[in-house]
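A.B. asks: As input, take data14.txt (compact mmCIF, C-alpha atoms):
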# COMPACT_ATOMS: atom_id res chain seq x y z
CA MET A 1 0.00 0.00 0.00
CA ASP A 2 1.43 3.30 -1.05
CA GLN A 3 0.84 5.90 1.61
CA PRO A 4 1.01 9.51 0.49
CA ARG A 5 4.22 10.74 2.00
CA VAL A 6 4.56 14.23 3.38
CA ASP A 7 7.48 16.09 1.87
CA PRO A 8 9.80 16.95 4.78
CA ASP A 9 10.90 20.05 2.89
CA GLN A 10 7.37 21.31 2.29
CA GLU A 11 7.54 24.02 4.94
CA LEU A 12 10.88 25.36 3.72
CA VAL A 13 9.63 25.34 0.14
CA LYS A 14 6.49 27.27 1.08
CA ARG A 15 8.50 29.83 2.99
CA THR A 16 10.84 30.24 0.04
CA GLN A 17 7.89 30.70 -2.30
CA SER A 18 6.62 33.40 0.04
CA GLY A 19 9.85 35.31 -0.40
CA ASP A 20 11.83 34.03 2.60
CA ALA A 21 15.35 33.71 1.19
CA GLY A 22 16.59 32.29 4.50
CA ALA A 23 14.42 29.23 4.00
CA PHE A 24 16.10 28.58 0.69
CA ASP A 25 19.48 28.93 2.40
CA GLU A 26 18.45 26.09 4.69
CA LEU A 27 17.62 23.96 1.66
CA VAL A 28 20.99 24.80 0.12
CA VAL A 29 22.83 23.80 3.28
CA LYS A 30 20.83 20.61 3.56
CA TYR A 31 21.30 19.41 -0.02
CA THR A 32 24.78 20.66 -0.91
CA PRO A 33 26.76 17.63 0.36
CA ARG A 34 24.43 15.13 -1.26
CA LEU A 35 24.23 16.92 -4.59
CA TYR A 36 27.95 17.49 -4.54
CA GLY A 37 28.46 13.72 -4.47
CA LEU A 38 26.00 13.22 -7.28
CA VAL A 39 27.52 15.84 -9.58
CA TYR A 40 31.12 15.06 -8.70
CA ASN A 41 30.75 11.37 -9.47
CA MET A 42 29.24 12.24 -12.81
CA THR A 43 31.88 14.82 -13.77
CA SER A 44 34.96 13.61 -11.85
CA ASN A 45 36.13 17.17 -11.49
CA HIS A 46 35.91 19.40 -8.43
CA GLU A 47 35.93 22.73 -10.28
CA ASP A 48 33.19 21.71 -12.67
CA THR A 49 31.20 20.31 -9.78
CA ASN A 50 31.43 23.56 -7.87
CA ASP A 51 30.32 25.67 -10.84
CA LEU A 52 27.53 23.28 -11.69
CA LEU A 53 26.29 23.16 -8.15
CA GLN A 54 26.12 26.95 -7.98
CA ASP A 55 24.17 27.01 -11.23
CA ILE A 56 21.85 24.26 -10.02
CA PHE A 57 20.87 26.13 -6.87
CA ALA A 58 20.53 29.40 -8.77
CA LYS A 59 18.20 27.74 -11.24
CA ALA A 60 16.24 26.06 -8.46
CA TYR A 61 15.81 29.41 -6.72
CA ARG A 62 14.48 31.01 -9.88
CA ALA A 63 12.16 28.11 -10.59
CA ILE A 64 10.90 27.34 -7.11
CA ARG A 65 7.90 29.67 -7.46
CA GLY A 66 6.63 27.31 -10.13
CA PHE A 67 7.19 24.21 -7.99
CA ARG A 68 3.73 22.79 -7.30
CA GLY A 69 4.75 19.89 -5.09
CA LYS A 70 3.73 17.10 -7.48
CA SER A 71 6.98 15.41 -6.51
CA SER A 72 9.05 15.90 -3.39
CA PHE A 73 11.60 18.69 -3.33
CA TYR A 74 14.24 15.98 -3.03
CA THR A 75 13.20 14.46 -6.36
CA TRP A 76 12.79 17.86 -7.96
CA ILE A 77 16.24 19.18 -7.02
CA HIS A 78 17.86 15.89 -8.01
CA SER A 79 16.12 16.05 -11.41
CA ILE A 80 17.46 19.55 -11.98
CA SER A 81 20.93 18.41 -10.94
CA VAL A 82 21.03 15.34 -13.15
CA ASN A 83 19.61 17.16 -16.19
CA MET A 84 21.97 20.10 -15.86
CA THR A 85 24.94 17.79 -15.35
CA LEU A 86 24.02 15.67 -18.36
CA ASN A 87 23.68 18.81 -20.48
CA PHE A 88 27.03 20.02 -19.22
CA LEU A 89 28.67 16.70 -20.04
CA LYS A 90 27.24 16.75 -23.55
CA LYS A 91 28.71 20.20 -24.10
CA ARG A 92 32.00 19.23 -22.57
CA GLY A 93 32.12 16.16 -24.79
CA ARG A 94 35.49 14.78 -25.57
CA ARG A 95 37.38 17.91 -24.60
CA PHE A 96 37.62 16.45 -21.14
CA GLN A 97 40.44 14.16 -20.16
CA LEU A 98 40.12 12.50 -16.80
CA SER A 99 42.51 14.15 -14.42
CA LEU A 100 44.21 11.66 -12.19
CA ASP A 101 44.67 14.40 -9.66
CA ASP A 102 40.98 14.05 -9.01
CA VAL A 103 41.73 11.02 -6.91
CA ASP A 104 41.19 12.13 -3.36
CA ALA A 105 44.28 11.27 -1.34
CA SER A 106 42.56 11.92 1.97
CA ILE A 107 40.23 8.98 1.42
CA GLN A 108 42.97 6.54 2.39
CA ASN A 109 43.08 8.03 5.85
CA ASP A 110 39.38 7.65 6.37
CA LYS A 111 38.68 5.15 9.13
CA GLU A 112 35.42 3.90 7.65
CA PHE A 113 37.04 3.54 4.27
CA LEU A 114 39.86 1.41 5.67
CA GLN A 115 37.40 -0.81 7.53
CA SER A 116 35.37 -1.30 4.37
CA THR A 117 38.32 -2.18 2.22
CA ALA A 118 39.80 -4.57 4.75
CA THR A 119 37.05 -7.12 4.09
CA SER A 120 37.36 -7.15 0.33
CA SER A 121 39.90 -9.57 -1.03
CA PRO A 122 40.55 -7.95 -4.45
CA VAL A 123 40.86 -4.60 -2.83
CA ARG A 124 43.18 -5.88 -0.16
CA GLU A 125 45.51 -7.14 -2.82
CA ALA A 126 45.55 -3.96 -4.83
CA ASP A 127 46.94 -0.63 -3.99
CA LEU A 128 44.01 1.44 -2.82
CA SER A 129 45.00 4.55 -4.63
CA GLU A 130 45.53 2.68 -7.84
CA LEU A 131 42.26 0.88 -7.48
CA GLN A 132 40.45 4.13 -6.90
CA ARG A 133 42.07 5.60 -9.95
CA ARG A 134 41.02 2.59 -12.00
CA LEU A 135 37.53 2.85 -10.66
CA ASN A 136 37.30 6.47 -11.70
CA GLU A 137 38.61 5.60 -15.14
CA ALA A 138 36.09 2.82 -15.42
CA MET A 139 33.30 5.18 -14.41
CA MET A 140 34.35 7.69 -17.02
CA LYS A 141 34.23 5.01 -19.69
CA LEU A 142 30.52 4.58 -19.08
CA SER A 143 28.08 6.69 -21.03
CA ASP A 144 26.75 9.74 -19.17
CA GLU A 145 23.33 8.13 -18.65
CA HIS A 146 24.80 4.90 -17.32
CA ARG A 147 27.14 6.78 -15.04
CA ALA A 148 24.21 8.74 -13.67
CA VAL A 149 22.36 5.54 -12.79
CA VAL A 150 25.43 3.94 -11.24
CA THR A 151 26.12 7.07 -9.21
CA MET A 152 22.59 7.29 -7.88
CA PHE A 153 22.21 3.58 -7.13
CA HIS A 154 25.60 2.43 -5.93
CA ILE A 155 27.15 5.60 -4.57
CA GLN A 156 24.14 7.54 -3.35
CA GLY A 157 22.14 4.48 -2.38
CA MET A 158 18.87 5.50 -4.02
CA PRO A 159 16.19 2.89 -4.75
CA HIS A 160 15.26 2.08 -8.33
CA ALA A 161 11.88 3.78 -8.01
CA GLU A 162 13.43 7.08 -6.94
CA ILE A 163 15.95 6.97 -9.78
CA SER A 164 13.18 6.31 -12.29
CA LYS A 165 11.29 9.37 -11.04
CA ILE A 166 14.36 11.57 -11.25
CA LEU A 167 15.31 10.41 -14.73
CA ARG A 168 11.68 10.07 -15.86
CA VAL A 169 12.27 6.61 -17.23
CA SER A 170 10.74 3.29 -16.22
CA GLU A 171 12.17 1.19 -13.43
CA GLY A 172 12.92 -1.46 -16.03
CA THR A 173 15.12 0.99 -17.88
CA VAL A 174 16.93 1.82 -14.66
CA ARG A 175 17.57 -1.87 -13.92
CA SER A 176 18.70 -2.49 -17.48
CA ARG A 177 21.15 0.40 -17.41
CA LEU A 178 22.49 -0.78 -14.08
CA PHE A 179 23.02 -4.31 -15.33
CA TYR A 180 24.86 -3.11 -18.41
CA ALA A 181 26.99 -0.64 -16.44
CA ASN A 182 27.92 -3.30 -13.88
CA ARG A 183 29.09 -5.62 -16.62
CA GLN A 184 31.26 -2.91 -18.11
CA LEU A 185 32.79 -1.95 -14.77
CA GLN A 186 33.39 -5.59 -13.93
CA ASN A 187 35.21 -6.22 -17.21
CA TYR A 188 37.38 -3.19 -16.80
CA LEU A 189 38.35 -3.95 -13.21
CA ASP A 190 38.96 -7.62 -13.99
CA GLU A 191 41.45 -6.56 -16.62
CA PHE A 192 43.16 -4.45 -14.01
CA ARG A 193 43.22 -7.35 -11.59
CA LYS A 194 44.73 -9.73 -14.12
CA ASN A 195 47.19 -7.16 -15.35
CA PRO A 196 47.66 -4.53 -12.61
CA VAL A 197 50.64 -2.83 -14.27
CA SER A 198 48.88 -1.81 -17.49
CA MET B 1 39.05 -17.46 -10.02
CA ASP B 2 38.91 -14.34 -7.95
CA GLU B 3 36.90 -11.96 -10.07
CA PHE B 4 35.03 -8.86 -9.16
CA ASN B 5 31.43 -9.84 -8.72
CA ASP B 6 28.45 -7.50 -8.46
CA ASN B 7 28.73 -7.20 -4.71
CA GLU B 8 32.35 -6.24 -4.85
CA ILE B 9 31.70 -3.72 -7.57
CA ALA B 10 28.93 -2.24 -5.45
CA ARG B 11 31.19 -2.12 -2.40
CA LEU B 12 33.96 -0.43 -4.32
CA LEU B 13 31.59 2.12 -5.72
CA ARG B 14 30.19 2.87 -2.29
CA LEU B 15 33.70 3.85 -1.26
CA LYS B 16 33.42 6.79 -3.58
CA ARG B 17 31.08 8.35 -1.03
CA TYR B 18 34.18 9.25 0.91
CA GLU B 19 35.57 11.40 -1.84
CA GLN B 20 34.96 14.84 -0.48
CA PRO B 21 35.77 18.40 -1.53
CA PRO B 22 38.51 20.32 0.30
CA PRO B 23 37.86 21.08 3.99
CA GLY B 24 35.66 24.12 4.55
CA TYR B 25 34.08 23.83 1.13
CA PHE B 26 30.53 23.26 2.38
CA GLU B 27 30.86 26.05 4.94
CA ASN B 28 31.84 28.54 2.25
CA PHE B 29 29.44 27.29 -0.36
CA LEU B 30 26.51 29.36 0.87
CA HIS B 31 28.59 32.56 0.97
CA GLU B 32 29.78 31.88 -2.54
CA PHE B 33 26.18 31.27 -3.61
CA HIS B 34 25.08 34.62 -2.17
CA ARG B 35 27.99 36.41 -3.80
CA ARG B 36 27.17 34.96 -7.22
CA GLN B 37 23.50 35.80 -6.79
CA ARG B 38 24.39 39.41 -6.00
CA ASP B 39 26.72 39.63 -9.00
CA GLU B 40 24.06 38.21 -11.25
CA MET B 41 21.48 40.62 -9.91
CA LEU B 42 23.71 43.61 -10.54
CA ARG B 43 24.07 42.61 -14.17
CA GLN B 44 20.31 42.76 -14.66
CA PRO B 45 18.65 45.89 -16.04
CA LEU B 46 17.12 48.27 -13.51
CA TRP B 47 13.53 47.60 -14.55
CA ARG B 48 13.90 43.90 -13.87
CA ILE B 49 15.35 44.54 -10.44
CA CYS B 50 12.41 46.84 -9.69
CA LEU B 51 9.95 44.26 -10.97
CA GLU B 52 11.44 41.57 -8.78
CA ARG B 53 11.42 43.87 -5.76
CA VAL B 54 7.75 44.67 -6.31
CA HIS B 55 6.97 41.00 -6.79
CA GLY B 56 8.80 40.12 -3.60
CA PHE B 57 7.03 42.89 -1.73
CA MET B 58 3.63 41.68 -2.88
CA LEU B 59 4.49 38.14 -1.91
CA ARG B 60 5.40 39.33 1.56
CA LEU B 61 2.05 41.09 1.74
CA ASP B 62 0.46 37.72 1.02
CA ALA B 63 -1.11 39.15 -2.11
CA ARG B 64 -0.35 35.93 -3.87
CA SER B 65 -3.52 35.79 -5.88
CA LEU B 66 -2.74 39.16 -7.38
CA ALA B 67 0.97 38.65 -7.68
CA SER B 68 0.66 35.30 -9.37
CA TYR B 69 -1.09 36.90 -12.33
CA PRO B 70 1.07 39.94 -13.06
CA VAL B 71 0.85 39.39 -16.78
CA ALA B 72 -2.93 39.25 -16.72
CA ALA B 73 -3.09 42.39 -14.60
CA ALA B 74 -0.69 44.20 -16.92
CA ALA B 75 -2.72 43.10 -19.94
CA VAL B 76 -5.96 44.41 -18.42
CA LEU B 77 -4.31 47.75 -17.66
CA ALA B 78 -2.89 47.96 -21.18
CA CYS B 79 -6.29 47.20 -22.72
CA ALA B 80 -7.94 49.84 -20.56
CA ALA B 81 -5.34 52.39 -21.62
CA VAL B 82 -5.78 51.61 -25.31
CA ILE B 83 -9.57 51.77 -25.11
CA SER B 84 -9.54 55.07 -23.26
CA LEU B 85 -7.12 56.53 -25.82
CA LYS B 86 -9.42 55.42 -28.64
CA ILE B 87 -12.37 57.05 -26.98
CA TYR B 88 -10.64 60.39 -26.46
CA GLN B 89 -9.17 60.45 -29.95
CA GLN B 90 -12.50 60.06 -31.81
CA PRO B 91 -13.25 63.17 -33.96
CA GLU B 92 -15.96 65.39 -32.57
CA THR B 93 -18.96 66.39 -34.70
CA PRO B 94 -18.45 69.97 -35.93
CA ARG B 95 -20.86 72.33 -34.28
CA VAL B 96 -19.96 75.43 -36.21
CA ALA B 97 -20.60 76.23 -39.85
CA LEU B 98 -17.70 75.47 -42.01
CA GLN B 99 -15.42 78.32 -42.88
CA SER B 100 -15.32 77.91 -46.64
CA PRO B 101 -16.56 80.88 -48.68
CA PRO B 102 -20.27 80.72 -49.35
CA VAL B 103 -21.40 79.83 -52.80
CA LEU B 104 -24.56 81.46 -54.01
CA SER B 105 -26.86 79.09 -55.68
CA ALA B 106 -29.71 79.87 -58.04
CA PRO B 107 -33.21 79.64 -56.69
CA ALA B 108 -34.91 76.35 -57.04
CA ASN B 109 -37.32 77.76 -59.58
CA PRO B 110 -35.44 80.25 -61.78
CA GLY B 111 -38.45 81.48 -63.76
CA GLU B 112 -40.39 82.53 -60.73
CA GLU B 113 -40.18 86.19 -59.75
CA LEU B 114 -39.34 87.24 -56.36
CA THR B 115 -42.26 88.43 -54.35
CA LEU B 116 -42.64 89.74 -50.91
CA ALA B 117 -44.66 86.73 -50.03
CA SER B 118 -41.92 84.49 -50.98
CA PRO B 119 -38.81 86.18 -49.86
CA GLY B 120 -35.81 85.13 -51.73
CA ILE B 121 -33.81 82.67 -49.94
CA VAL B 122 -30.21 82.71 -50.66
CA ARG B 123 -28.90 79.31 -49.95
CA ILE B 124 -25.41 78.77 -49.01
CA ARG B 125 -24.05 75.48 -50.10
CA THR B 126 -20.89 74.59 -48.48
CA GLN B 127 -18.14 72.79 -50.22
CA PRO B 128 -17.13 69.50 -48.67
CA LEU B 129 -13.78 69.76 -46.98
CA ARG B 130 -12.48 66.68 -48.67
CA ASN B 131 -13.57 64.77 -51.64
CA PHE B 132 -15.81 61.79 -51.14
CA ASN B 133 -13.29 59.08 -51.65
CA GLU B 134 -10.95 60.64 -49.18
CA SER B 135 -13.54 61.10 -46.50
CA ALA B 136 -14.87 57.60 -46.97
CA GLN B 137 -11.64 56.26 -45.59
CA THR B 138 -11.95 58.02 -42.29
CA HIS B 139 -15.68 58.33 -41.72
CA ARG B 140 -18.16 55.62 -41.43
CA ALA B 141 -21.05 57.51 -43.08
CA ALA B 142 -21.62 56.49 -46.67
CA VAL B 143 -23.30 59.80 -47.55
CA PRO B 144 -21.03 62.84 -47.74
CA PRO B 145 -21.91 65.56 -45.28
CA HIS B 146 -24.18 68.19 -46.73
CA TYR B 147 -24.93 71.39 -44.87
CA VAL B 148 -27.53 73.93 -45.92
CA LEU B 149 -27.67 77.14 -43.99
CA ASP B 150 -30.05 79.98 -44.47
CA SER B 151 -28.33 83.26 -45.09
CA VAL B 152 -30.63 85.00 -42.68
CA PRO B 153 -32.20 83.05 -39.93
CA VAL B 154 -35.95 83.12 -40.06
CA SER B 155 -36.24 84.47 -36.61
CA TYR B 156 -34.21 87.54 -37.63
CA GLU B 157 -36.37 88.51 -40.62
CA PRO B 158 -38.01 91.88 -40.23
CA THR B 159 -41.74 91.92 -40.04
CA PHE B 160 -43.30 93.41 -43.18
CA ARG B 161 -46.16 95.76 -42.74
CA PHE B 162 -48.50 96.88 -45.50
Output the structure of this file as structure tokens.

C.D. replies:
Amino acid sequence: MDQPRVDPDQELVKRTQSGDAGAFDELVVKYTPRLYGLVYNMTSNHEDTNDLLQDIFAKAYRAIRGFRGKSSFYTWIHSISVNMTLNFLKKRGRRFQLSLDDVDASIQNDKEFLQSTATSSPVREADLSELQRRLNEAMMKLSDEHRAVVTMFHIQGMPHAEISKILRVSEGTVRSRLFYANRQLQNYLDEFRKNPVS
Amino acid sequence: MDEFNDNEIARLLRLKRYEQPPPGYFENFLHEFHRRQRDEMLRQPLWRICLERVHGFMLRLDARSLASYPVAAAAVLACAAVISLKIYQQPETPRVALQSPPVLSAPANPGEELTLASPGIVRIRTQPLRNFNESAQTHRAAVPPHYVLDSVPVSYEPTFRF
């Protein structure tokens, strides 16, 4: 049974629509870390992510008066983010070369990260930094649409239904894209495992 | 065979959650957002800034029903202005005899002699200001205006005594 869920951001949205800019600031603070992860894992570049994120919130602020609450604010702001990022990636096209500097060195000092990697046998055998670099490369080999699905499902932990609402595609399409993307990532990382030097 | 299976791929990808921007980034993000908003606003033309201020003011007054239809309200005002201009610009009907020189016309019955009983009436036929075709473009009346004025008003005629 689907219960109609109350949007937890409804009050902040209403206040913003009434001209309270402070309410929108609260929404910005709340969603910045999450959207940063989404955009960053689609672009693999901090600078682009920062610019895009600023544009996303600016666009959301301009458009929020027209937001009628048919979806939750969460879904709405994620839709804006994914669409703007996909448009950006199309424009950027092949000009972009993955910068290996994008690999975050601080991650290897993260306690939770070390605990997670300690249980994984392939990871244990590989150099973490190298594996992360390979993972980023593998991600960038996916098409933009597949990368978006992988980012939302695996990295952000969203359910299929939520992703389908954000992308406005069926759940079947989401599952299909995930399956295909997983196969591609698996092949790429297997190659790395068999031949780590290449 | 120790291959990456789906679970391991998923676990590796989840590790990317820990990739974070430089320290202090999220704290400064809002300030940067405000600064960019201000810069963008200053690039806008003055009328748009004023319009947004008025819109914001009306929203704060909770005049949402009015403020949500600014285009409709502006259209109604524009229509009212156009209609009122049309009304005031309509040509008025001339109340005074036209200024063209009078043209004496022959009496209706030229053979008839003038008698005291039938005082001669000199009719003044005015010339139309414009020709018919020209006036037809600006006036709705199909018949050209035709004015006939008595040279001496009847009320001013002296009483004849015999």

A.B. asks: Quick one: 6 Å padding each side, axis-aligned, all listed atoms of range 46-59 of chain B - centre and edge lengths in Å to one decimal, as JSON?

C.D. replies:
{"center_x": 10.4, "center_y": 43.2, "center_z": -8.1, "size_x": 25.5, "size_y": 22.1, "size_z": 24.8}

A.B. asks: So the first atom is CA of Met42 in chain A and the second is CA of Thr151 in chain A; what is the distance between them in Å, to one decimal place?

C.D. replies: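 Answer for the CA of Met42 in chain A to CA of Thr151 in chain A separation: 7.0 Å.
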
A.B. asks: Given the choices B:Lys16, B:Leu51, B:Leu46, B:Asn7, which gets closest to chain A if the distance is worked out from only C-alpha atoms?

C.D. replies: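 Looking at the shortest contact to chain A, the residue is B:Lys16.
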
A.B. asks: By how many Å are CA of Gly56 in chain B and CA of Ala72 in chain B apart?

C.D. replies: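 Separating CA of Gly56 in chain B from CA of Ala72 in chain B is a distance of 17.6 Å.
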
A.B. asks: Would you kindly identify which residues have an atom no farther than 7 Å from (25.1, 29.0, 2.9), using only C-alpha atoms and the file's own coordinates, and write them out as a PyMOL selection string?

C.D. replies: (chain A and resi 25+28-29) or (chain B and resi 27-31+33)

A.B. asks: Could you name the residues that touch Leu167 in chain A at 9 Å or less, counting all atoms listed in the file, but leaving out those on the same chain fewer than 6 positions away, as an MDAnalysis selection string?

C.D. replies: chainID A and resid 79 82:83 149 174

A.B. asks: Measure the distance from CA of His34 in chain B to CA of Gln156 in chain A in Å and round it to one decimal.

C.D. replies: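 Pair CA of His34 in chain B / CA of Gln156 in chain A returns 27.1 Å.
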
A.B. asks: For Leu185 in chain A, find every residue with an atom within 12 Å (counting all atoms listed in the file), except residues of its own chain fewer than 6 positions away, and show them as a ChimeraX atom specification.

C.D. replies: /A:134-143,146-147,150,178-179,191-192 /B:3-6,8-10,12-13

A.B. asks: Emit the selected residues as an mmCIF file, in the frame of the given file, including C-alpha atoms.

C.D. replies:
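Generated output (part27.cif):
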data_model
loop_
_atom_site.group_PDB
_atom_site.id
_atom_site.type_symbol
_atom_site.label_atom_id
_atom_site.label_comp_id
_atom_site.auth_asym_id
_atom_site.auth_seq_id
_atom_site.Cartn_x
_atom_site.Cartn_y
_atom_site.Cartn_z
ATOM 1 C CA ARG A 134 41.020 2.590 -12.000
ATOM 2 C CA LEU A 135 37.530 2.850 -10.660
ATOM 3 C CA ASN A 136 37.300 6.470 -11.700
ATOM 4 C CA GLU A 137 38.610 5.600 -15.140
ATOM 5 C CA ALA A 138 36.090 2.820 -15.420
ATOM 6 C CA MET A 139 33.300 5.180 -14.410
ATOM 7 C CA MET A 140 34.350 7.690 -17.020
ATOM 8 C CA LYS A 141 34.230 5.010 -19.690
ATOM 9 C CA LEU A 142 30.520 4.580 -19.080
ATOM 10 C CA SER A 143 28.080 6.690 -21.030
ATOM 11 C CA HIS A 146 24.800 4.900 -17.320
ATOM 12 C CA ARG A 147 27.140 6.780 -15.040
ATOM 13 C CA VAL A 150 25.430 3.940 -11.240
ATOM 14 C CA LEU A 178 22.490 -0.780 -14.080
ATOM 15 C CA PHE A 179 23.020 -4.310 -15.330
ATOM 16 C CA GLU A 191 41.450 -6.560 -16.620
ATOM 17 C CA PHE A 192 43.160 -4.450 -14.010
ATOM 18 C CA GLU B 3 36.900 -11.960 -10.070
ATOM 19 C CA PHE B 4 35.030 -8.860 -9.160
ATOM 20 C CA ASN B 5 31.430 -9.840 -8.720
ATOM 21 C CA ASP B 6 28.450 -7.500 -8.460
ATOM 22 C CA GLU B 8 32.350 -6.240 -4.850
ATOM 23 C CA ILE B 9 31.700 -3.720 -7.570
ATOM 24 C CA ALA B 10 28.930 -2.240 -5.450
ATOM 25 C CA LEU B 12 33.960 -0.430 -4.320
ATOM 26 C CA LEU B 13 31.590 2.120 -5.720
#

A.B. asks: Need the shell around Arg65 in chain A: protein/DNA/RNA residues with any atom at most 10 Å away, counting all atoms listed in the file. Skip same-chain ones fewer than 3 positions apart. Format as a list in words?

C.D. replies: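 Once the adjacent positions are removed, what remains is Val13, Lys14, Thr16, Gln17, Ser18, Gly19, Ala60, Tyr61, Arg62 and Arg68 of chain A; Ser68 of chain B.
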